[in-house]
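Visitor: Got a file for you: structure.cif, mmCIF, C-alpha atoms.
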```cif
data_entry
#
loop_
_atom_site.label_atom_id
_atom_site.label_comp_id
_atom_site.auth_asym_id
_atom_site.auth_seq_id
_atom_site.Cartn_x
_atom_site.Cartn_y
_atom_site.Cartn_z
CA MET A 37 -35.93 0.21 -40.93
CA SER A 38 -38.12 -2.87 -41.20
CA PRO A 39 -37.81 -5.52 -38.50
CA ILE A 40 -36.11 -8.81 -39.26
CA VAL A 41 -38.33 -11.77 -40.08
CA HIS A 42 -37.00 -14.83 -38.28
CA PRO A 43 -35.43 -17.16 -40.88
CA HIS A 44 -36.83 -20.41 -39.47
CA THR A 45 -40.46 -21.58 -39.35
CA PRO A 46 -41.82 -23.19 -36.17
CA ARG A 47 -42.64 -26.88 -36.54
CA VAL A 48 -44.92 -29.05 -34.44
CA ALA A 49 -42.99 -30.55 -31.52
CA VAL A 50 -45.94 -32.18 -29.73
CA ALA A 51 -49.29 -32.72 -31.45
CA CYS A 52 -51.22 -32.31 -28.20
CA GLY A 53 -54.24 -30.36 -29.46
CA CYS A 54 -54.68 -28.35 -26.26
CA GLU A 55 -57.85 -26.33 -25.89
CA LEU A 56 -55.78 -23.58 -24.27
CA GLY A 57 -52.12 -24.52 -23.98
CA GLU A 58 -50.16 -22.22 -21.69
CA GLU A 59 -47.16 -21.56 -19.46
CA ILE A 60 -44.60 -23.81 -21.09
CA LEU A 61 -41.23 -24.07 -19.37
CA TRP A 62 -37.99 -26.01 -19.59
CA ASP A 63 -36.91 -28.18 -16.64
CA ALA A 64 -33.13 -28.28 -17.08
CA ARG A 65 -32.80 -30.98 -14.40
CA SER A 66 -34.56 -33.59 -16.52
CA GLY A 67 -34.39 -32.05 -19.99
CA THR A 68 -38.17 -31.95 -20.24
CA LEU A 69 -40.92 -29.52 -21.14
CA VAL A 70 -43.83 -28.80 -18.80
CA TRP A 71 -47.01 -26.94 -19.77
CA VAL A 72 -50.72 -26.87 -18.98
CA ASP A 73 -54.04 -26.97 -20.77
CA ILE A 74 -56.32 -24.51 -18.99
CA GLU A 75 -59.64 -25.40 -20.62
CA ASN A 76 -59.21 -29.19 -20.81
CA PRO A 77 -57.39 -29.22 -17.47
CA ALA A 78 -54.15 -31.15 -17.48
CA VAL A 79 -50.43 -30.91 -16.86
CA TRP A 80 -48.38 -32.07 -19.82
CA ARG A 81 -44.74 -33.19 -19.80
CA HIS A 82 -42.59 -34.06 -22.80
CA ASP A 83 -39.05 -35.36 -23.19
CA PRO A 84 -37.71 -34.24 -26.61
CA GLU A 85 -34.85 -36.75 -26.37
CA THR A 86 -37.08 -39.83 -26.04
CA ASP A 87 -40.26 -38.28 -27.52
CA GLU A 88 -42.19 -39.53 -24.48
CA THR A 89 -45.21 -37.47 -23.45
CA HIS A 90 -47.24 -37.67 -20.22
CA ARG A 91 -50.58 -36.02 -19.49
CA LEU A 92 -52.03 -35.70 -15.99
CA PRO A 93 -55.77 -34.90 -16.28
CA LEU A 94 -57.27 -32.74 -13.56
CA ASP A 95 -60.78 -31.77 -12.48
CA GLU A 96 -60.30 -28.00 -12.22
CA LYS A 97 -58.91 -25.33 -14.51
CA LEU A 98 -55.26 -24.59 -13.90
CA SER A 99 -53.11 -21.96 -15.52
CA PHE A 100 -49.53 -22.81 -14.56
CA ALA A 101 -47.41 -25.66 -13.17
CA LEU A 102 -44.02 -24.40 -11.98
CA LEU A 103 -40.97 -26.21 -10.65
CA THR A 104 -40.23 -26.98 -7.01
CA PRO A 105 -37.15 -28.68 -5.48
CA ASP A 106 -38.98 -32.02 -5.81
CA PRO A 107 -39.24 -32.87 -9.55
CA GLN A 108 -42.50 -34.74 -8.90
CA ARG A 109 -44.22 -31.73 -7.34
CA VAL A 110 -45.19 -28.41 -8.91
CA ILE A 111 -46.62 -25.16 -7.66
CA ALA A 112 -49.89 -24.94 -9.59
CA GLY A 113 -52.34 -22.12 -10.26
CA PHE A 114 -55.85 -23.56 -10.05
CA LYS A 115 -59.05 -21.58 -10.54
CA SER A 116 -59.56 -21.81 -6.78
CA GLY A 117 -56.02 -20.71 -5.87
CA VAL A 118 -52.38 -21.71 -5.63
CA ALA A 119 -51.65 -25.31 -4.62
CA CYS A 120 -48.81 -27.81 -4.46
CA LEU A 121 -49.57 -30.62 -6.92
CA ASP A 122 -48.10 -34.14 -7.02
CA LEU A 123 -47.51 -35.08 -10.66
CA GLU A 124 -47.80 -38.81 -10.02
CA SER A 125 -50.92 -39.08 -7.84
CA GLY A 126 -52.65 -35.79 -8.64
CA ALA A 127 -52.92 -35.07 -4.91
CA ARG A 128 -52.79 -31.39 -4.02
CA THR A 129 -52.33 -29.16 -1.01
CA ASP A 130 -54.00 -25.76 -1.18
CA LEU A 131 -51.70 -22.88 -0.25
CA VAL A 132 -53.10 -19.40 -0.94
CA ARG A 133 -55.36 -17.30 -3.10
CA PRO A 134 -55.72 -13.55 -3.60
CA GLU A 135 -58.35 -11.70 -1.59
CA PRO A 136 -60.83 -10.37 -2.48
CA TYR A 137 -61.42 -13.09 -5.06
CA PRO A 138 -64.71 -12.75 -6.98
CA PRO A 139 -66.38 -16.05 -7.96
CA GLY A 140 -65.85 -15.31 -11.65
CA ASN A 141 -62.09 -14.99 -11.27
CA ARG A 142 -59.34 -17.52 -11.91
CA LEU A 143 -55.57 -17.44 -11.79
CA ASN A 144 -53.67 -16.87 -15.01
CA SER A 145 -50.01 -16.58 -15.92
CA GLY A 146 -47.36 -17.42 -13.32
CA ASN A 147 -43.58 -17.49 -13.13
CA VAL A 148 -40.92 -18.08 -10.51
CA GLY A 149 -38.51 -15.18 -10.17
CA PRO A 150 -34.77 -15.38 -9.52
CA ASP A 151 -35.67 -14.76 -5.87
CA GLY A 152 -37.44 -18.15 -5.74
CA ALA A 153 -40.84 -16.52 -5.16
CA LEU A 154 -44.00 -17.06 -7.19
CA TRP A 155 -45.10 -14.08 -9.29
CA PHE A 156 -48.57 -14.59 -10.79
CA GLY A 157 -51.72 -12.95 -12.05
CA SER A 158 -55.45 -13.35 -11.55
CA MET A 159 -58.17 -12.46 -14.06
CA ASP A 160 -61.87 -12.40 -14.82
CA ASP A 161 -62.65 -15.73 -16.50
CA GLY A 162 -65.20 -13.93 -18.68
CA GLU A 163 -62.42 -11.54 -19.75
CA THR A 164 -64.56 -8.42 -19.30
CA GLU A 165 -64.48 -7.14 -15.70
CA PRO A 166 -61.28 -5.54 -14.28
CA THR A 167 -61.21 -7.84 -11.26
CA GLY A 168 -57.80 -9.37 -11.88
CA GLY A 169 -54.47 -8.30 -10.48
CA PHE A 170 -50.82 -9.17 -9.96
CA HIS A 171 -49.40 -10.97 -6.94
CA ARG A 172 -46.19 -12.24 -5.33
CA TRP A 173 -46.15 -15.22 -2.95
CA ASP A 174 -43.03 -16.39 -1.11
CA GLY A 175 -44.77 -19.04 0.96
CA GLU A 176 -45.51 -16.67 3.84
CA ARG A 177 -46.66 -13.30 2.55
CA LEU A 178 -48.94 -12.42 -0.36
CA LEU A 179 -48.15 -9.08 -1.99
CA ASP A 180 -50.50 -7.37 -4.47
CA PHE A 181 -49.14 -4.84 -6.96
CA GLY A 182 -49.62 -3.27 -10.37
CA GLY A 183 -53.31 -2.34 -10.26
CA SER A 184 -56.25 -4.22 -11.74
CA ALA A 185 -57.09 -5.61 -15.19
CA ALA A 186 -59.62 -7.95 -16.78
CA VAL A 187 -56.90 -10.20 -18.24
CA THR A 188 -53.36 -10.22 -16.83
CA ASN A 189 -50.21 -11.80 -18.24
CA GLY A 190 -46.67 -12.05 -16.96
CA PRO A 191 -45.45 -11.12 -14.44
CA VAL A 192 -41.87 -11.90 -15.44
CA VAL A 193 -38.83 -10.74 -13.46
CA SER A 194 -35.60 -9.96 -15.27
CA PRO A 195 -32.68 -12.30 -14.41
CA ASP A 196 -30.88 -9.52 -12.52
CA GLY A 197 -33.99 -8.95 -10.40
CA HIS A 198 -34.21 -5.22 -11.18
CA ARG A 199 -37.06 -5.12 -13.70
CA LEU A 200 -40.52 -6.64 -13.74
CA TYR A 201 -42.75 -6.97 -16.80
CA THR A 202 -46.55 -7.17 -16.60
CA ILE A 203 -49.20 -7.21 -19.32
CA ASP A 204 -52.70 -5.75 -19.41
CA THR A 205 -53.86 -8.01 -22.22
CA GLY A 206 -57.31 -6.51 -22.71
CA ASN A 207 -55.87 -3.05 -23.31
CA GLY A 208 -52.91 -4.36 -25.30
CA VAL A 209 -50.25 -2.81 -23.08
CA VAL A 210 -46.95 -4.28 -21.88
CA ARG A 211 -45.65 -2.48 -18.78
CA VAL A 212 -42.31 -2.36 -17.01
CA HIS A 213 -41.74 -1.79 -13.29
CA ASP A 214 -38.59 -1.04 -11.35
CA LEU A 215 -37.98 -3.76 -8.79
CA ASP A 216 -35.99 -3.46 -5.55
CA GLY A 217 -36.30 -6.71 -3.61
CA THR A 218 -40.02 -7.01 -2.92
CA ARG A 219 -40.70 -3.32 -3.62
CA VAL A 220 -42.44 -3.02 -6.99
CA GLY A 221 -42.45 0.35 -8.72
CA GLU A 222 -45.41 1.83 -10.54
CA PRO A 223 -46.07 0.43 -14.02
CA ARG A 224 -44.75 2.37 -17.01
CA PRO A 225 -46.09 1.61 -20.52
CA LEU A 226 -43.35 -0.03 -22.59
CA ILE A 227 -45.17 -1.46 -25.62
CA THR A 228 -48.68 -0.82 -26.95
CA PHE A 229 -49.94 -3.38 -29.45
CA GLU A 230 -51.07 -1.90 -32.76
CA PRO A 231 -54.33 -2.75 -34.57
CA GLY A 232 -53.94 -6.07 -36.39
CA TRP A 233 -51.34 -7.39 -33.94
CA GLY A 234 -53.80 -9.37 -31.83
CA LYS A 235 -53.40 -9.21 -28.06
CA PRO A 236 -50.19 -9.55 -26.01
CA ASP A 237 -50.17 -12.90 -24.21
CA GLY A 238 -47.27 -14.82 -22.63
CA LEU A 239 -43.69 -13.61 -22.73
CA THR A 240 -40.16 -14.76 -22.00
CA LEU A 241 -36.76 -13.08 -21.89
CA ASP A 242 -33.53 -13.99 -23.60
CA ALA A 243 -29.96 -13.56 -22.37
CA ASP A 244 -29.69 -10.21 -24.19
CA GLY A 245 -32.61 -8.82 -22.18
CA HIS A 246 -35.00 -8.82 -25.12
CA LEU A 247 -38.66 -9.74 -24.68
CA TRP A 248 -40.33 -12.44 -26.80
CA ILE A 249 -44.07 -11.73 -26.66
CA CYS A 250 -46.79 -13.99 -28.05
CA HIS A 251 -49.57 -12.47 -30.15
CA TYR A 252 -52.93 -14.07 -29.32
CA ALA A 253 -54.99 -13.87 -32.53
CA GLY A 254 -51.91 -12.52 -34.29
CA SER A 255 -50.14 -15.67 -35.59
CA ARG A 256 -46.73 -14.49 -34.45
CA ILE A 257 -44.19 -13.80 -31.73
CA THR A 258 -42.29 -10.52 -31.66
CA ARG A 259 -38.84 -10.00 -30.18
CA PHE A 260 -38.73 -6.54 -28.60
CA ALA A 261 -35.62 -4.70 -27.46
CA PRO A 262 -35.52 -3.55 -23.82
CA ASP A 263 -36.65 -0.07 -24.97
CA GLY A 264 -39.76 -1.55 -26.60
CA GLN A 265 -38.60 -1.37 -30.22
CA VAL A 266 -39.43 -4.29 -32.54
CA GLU A 267 -36.27 -6.26 -33.35
CA ARG A 268 -37.77 -9.21 -35.24
CA ILE A 269 -41.00 -10.99 -36.07
CA LEU A 270 -41.43 -14.75 -35.80
CA PRO A 271 -44.49 -15.94 -37.77
CA VAL A 272 -46.28 -18.95 -36.22
CA PRO A 273 -48.50 -21.20 -38.40
CA THR A 274 -51.58 -20.95 -36.17
CA ALA A 275 -53.56 -17.96 -34.93
CA LEU A 276 -53.76 -18.15 -31.14
CA VAL A 277 -50.18 -18.03 -29.85
CA THR A 278 -50.08 -18.10 -26.05
CA LYS A 279 -46.67 -18.64 -24.43
CA CYS A 280 -43.04 -19.36 -25.30
CA ALA A 281 -39.91 -20.50 -23.47
CA PHE A 282 -36.35 -21.36 -24.39
CA GLY A 283 -35.22 -24.94 -23.93
CA GLY A 284 -32.89 -27.62 -25.18
CA ALA A 285 -29.36 -28.43 -24.11
CA ASP A 286 -28.04 -24.97 -24.98
CA LEU A 287 -31.34 -23.11 -24.34
CA SER A 288 -31.53 -21.87 -27.94
CA THR A 289 -34.70 -23.70 -29.03
CA LEU A 290 -37.88 -21.70 -28.57
CA TYR A 291 -40.91 -23.80 -27.59
CA ILE A 292 -44.38 -22.34 -28.14
CA THR A 293 -47.84 -23.21 -26.81
CA THR A 294 -51.01 -22.41 -28.74
CA CYS A 295 -54.80 -22.58 -28.41
CA ARG A 296 -57.49 -24.30 -30.45
CA ARG A 297 -60.49 -22.85 -28.57
CA GLY A 298 -63.05 -21.71 -31.13
CA ARG A 299 -60.84 -22.53 -34.12
CA ASP A 300 -62.09 -24.38 -37.19
CA PRO A 301 -59.77 -27.41 -37.62
CA ALA A 302 -60.27 -27.26 -41.36
CA LEU A 303 -58.83 -23.75 -41.43
CA ASP A 304 -56.36 -23.98 -38.53
CA PRO A 305 -55.38 -27.66 -38.25
CA MET A 306 -52.34 -27.11 -36.03
CA ALA A 307 -54.13 -25.04 -33.41
CA GLY A 308 -53.43 -26.20 -29.85
CA HIS A 309 -50.14 -27.95 -30.61
CA VAL A 310 -46.72 -27.20 -29.12
CA PHE A 311 -44.21 -25.86 -31.65
CA ARG A 312 -40.44 -25.52 -31.68
CA VAL A 313 -38.07 -23.30 -33.64
CA GLU A 314 -34.31 -22.86 -33.58
CA THR A 315 -32.83 -19.44 -32.80
CA GLU A 316 -29.41 -17.86 -32.48
CA PHE A 317 -30.31 -16.62 -29.01
CA ARG A 318 -30.13 -18.14 -25.55
CA GLY A 319 -32.71 -18.13 -22.82
CA PHE A 320 -32.76 -19.23 -19.22
CA PRO A 321 -33.91 -22.46 -17.58
CA ALA A 322 -36.99 -22.15 -15.42
CA ASN A 323 -36.39 -20.99 -11.87
CA ILE A 324 -37.37 -23.24 -8.95
CA TYR A 325 -39.87 -22.11 -6.34
CA ARG A 326 -38.19 -21.92 -2.94
CA GLY A 327 -41.12 -20.88 -0.76
CA VAL A 328 -42.82 -22.67 2.08
CA GLY A 329 -45.40 -25.34 1.32
CA THR A 330 -43.62 -27.58 -1.17
#
```
So, in terms of structure tokens, how does the structure I just supplied come out?
Guide:
Amino acid sequence: MSPIVHPHTPRVAVACGCELGEEILWDARSGTLVWVDIENPAVWRHDPETDETHRLPLDEKLSFALLTPDPQRVIAGFKSGVACLDLESGARTDLVRPEPYPPGNRLNSGNVGPDGALWFGSMDDGETEPTGGFHRWDGERLLDFGGSAAVTNGPVVSPDGHRLYTIDTGNGVVRVHDLDGTRVGEPRPLITFEPGWGKPDGLTLDADGHLWICHYAGSRITRFAPDGQVERILPVPTALVTKCAFGGADLSTLYITTCRRGRDPALDPMAGHVFRVETEFRGFPANIYRGVGT
């Protein structure tokens, strides 16, 4: 049986032209989107209701900006490590970084779990050496898990806190771990990307427990069932699809970040923009980091 093709086409929501847009999330407190540009470092915020957009430029690569109890402060993943960042002044307080931490590494994808802890990855910025890994930070203890990889994505914790999803992007494998509190089980392959699919990048979960995984260099997002079977394909009108998150008043709008790095604007004019598409599914608002240091 062929998978469903999503009936709606993503449209540009914010024509931001990010070099490498990533880690979009929905702040349900303010009804706003937050995302980052890794390569042209900045934190972006957008209010779909008023169409107001704010960009905070920064002087160092950062890969995520996640919510804290103070709406003006985020927990941010800089190349040099995790920090608390003030969205008004740009002031930051360094908190932690993985060790060992080779000079060619940077942080990559990050998410806050339902436990209020930060789950994040590190990677080789050259995307070749397996010097990256997966980490959990609760403000006091840094836990490493899941082995090493050149490029990591995820980690994303299921809403019930019992499953954890990680991605070895270079090898095209999505893994699942059993999760019991802070005890992370060994990774089990769940999905292996086929030739022509591109590489698995960012992912989010919906209320049915399905995974929405972005295809970098694949011009699409795929909705996978919890057992790894393809449920539907969502074509995206640009090649480098990086991250998605549900938002809007009823959490049924899927917002999508993309990348324009290395793209010819004559051939891929919408590369780097944020897109939106309506769905019949519901997601979850972003969790708030509850650890020490914010």
Visitor: Select from stretch 107-202 of chain A every residue with an atom at most 12 Å from any atom of stretch 254-270 of chain A, then for each give the shortest pair of atoms and their distance in Å to one decimal, using only C-alpha atoms, rows by chain and rising number, as a tab-separated table.
Guide:
```
residue	atom	partner	partner_atom	distance
A:Ser194	CA	A:Pro262	CA	10.7
A:Arg199	CA	A:Pro262	CA	10.4
A:Leu200	CA	A:Pro262	CA	11.7
A:Tyr201	CA	A:Pro262	CA	10.6
```
Visitor: Show me, as JSON, the centre and edge lengths in Å to one decimal of the axis-aligned box that covers every listed atom of stretch 69-87 of chain A with 6 Å on each side.
Guide:
```
{"center_x": -47.2, "center_y": -32.2, "center_z": -22.2, "size_x": 36.8, "size_y": 27.3, "size_z": 22.7}
```
Visitor: As a check of understanding, name the residues that the PyMOL selection byres ((chain A and resi 315) around 9) selects in the supplied structure, as a PyMOL selection string.
Guide: chain A and resi 42-44+288-290+313-314+316-318
Visitor: Can you list, as an MDAnalysis selection string, every protein, DNA or RNA residue that comes within 9 Å of A:Arg172 when you count only C-alpha atoms, leaving out same-chain residues fewer than 2 positions away?
Guide: chainID A and resid 153:157 170 174 177:181 218
Visitor: Between atom CA of A:His198 and atom CA of A:Pro223, what distance in Å does the model show, to one decimal?
Guide: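 The value is 13.4 Å.
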Visitor: Written as a list in words, what is the full residue list that the PyMOL selection byres ((chain A and resi 233-245) around 7) yields on the file shown?
Guide: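 Checked against the file, the PyMOL selection byres ((chain A and resi 233-245) around 7) matches Asn189, Gly190, Thr205, Gly208, Phe229, Glu230, Pro231, Gly232, His246, Leu247, Trp248, Ile249, Cys250, His251, Tyr252, Ala253, Gly254, Pro262, Thr278, Lys279, Cys280, Ala281, Phe317, Arg318, Gly319 and Phe320 of chain A.
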Visitor: Can you work out which one of A:Gly206, A:Gly182, A:Gly308, A:Gly140 has the shortest atom-to-atom distance to A:Ala51, counting only C-alpha atoms?
Guide: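 Once distances to A:Ala51 are computed over only C-alpha atoms, the minimum belongs to A:Gly308.
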Visitor: Between atom CA of A:Gly168 and atom CA of A:Asn323, measure the distance and give it in Å to one decimal.
Guide: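 It comes out at 24.4 Å.
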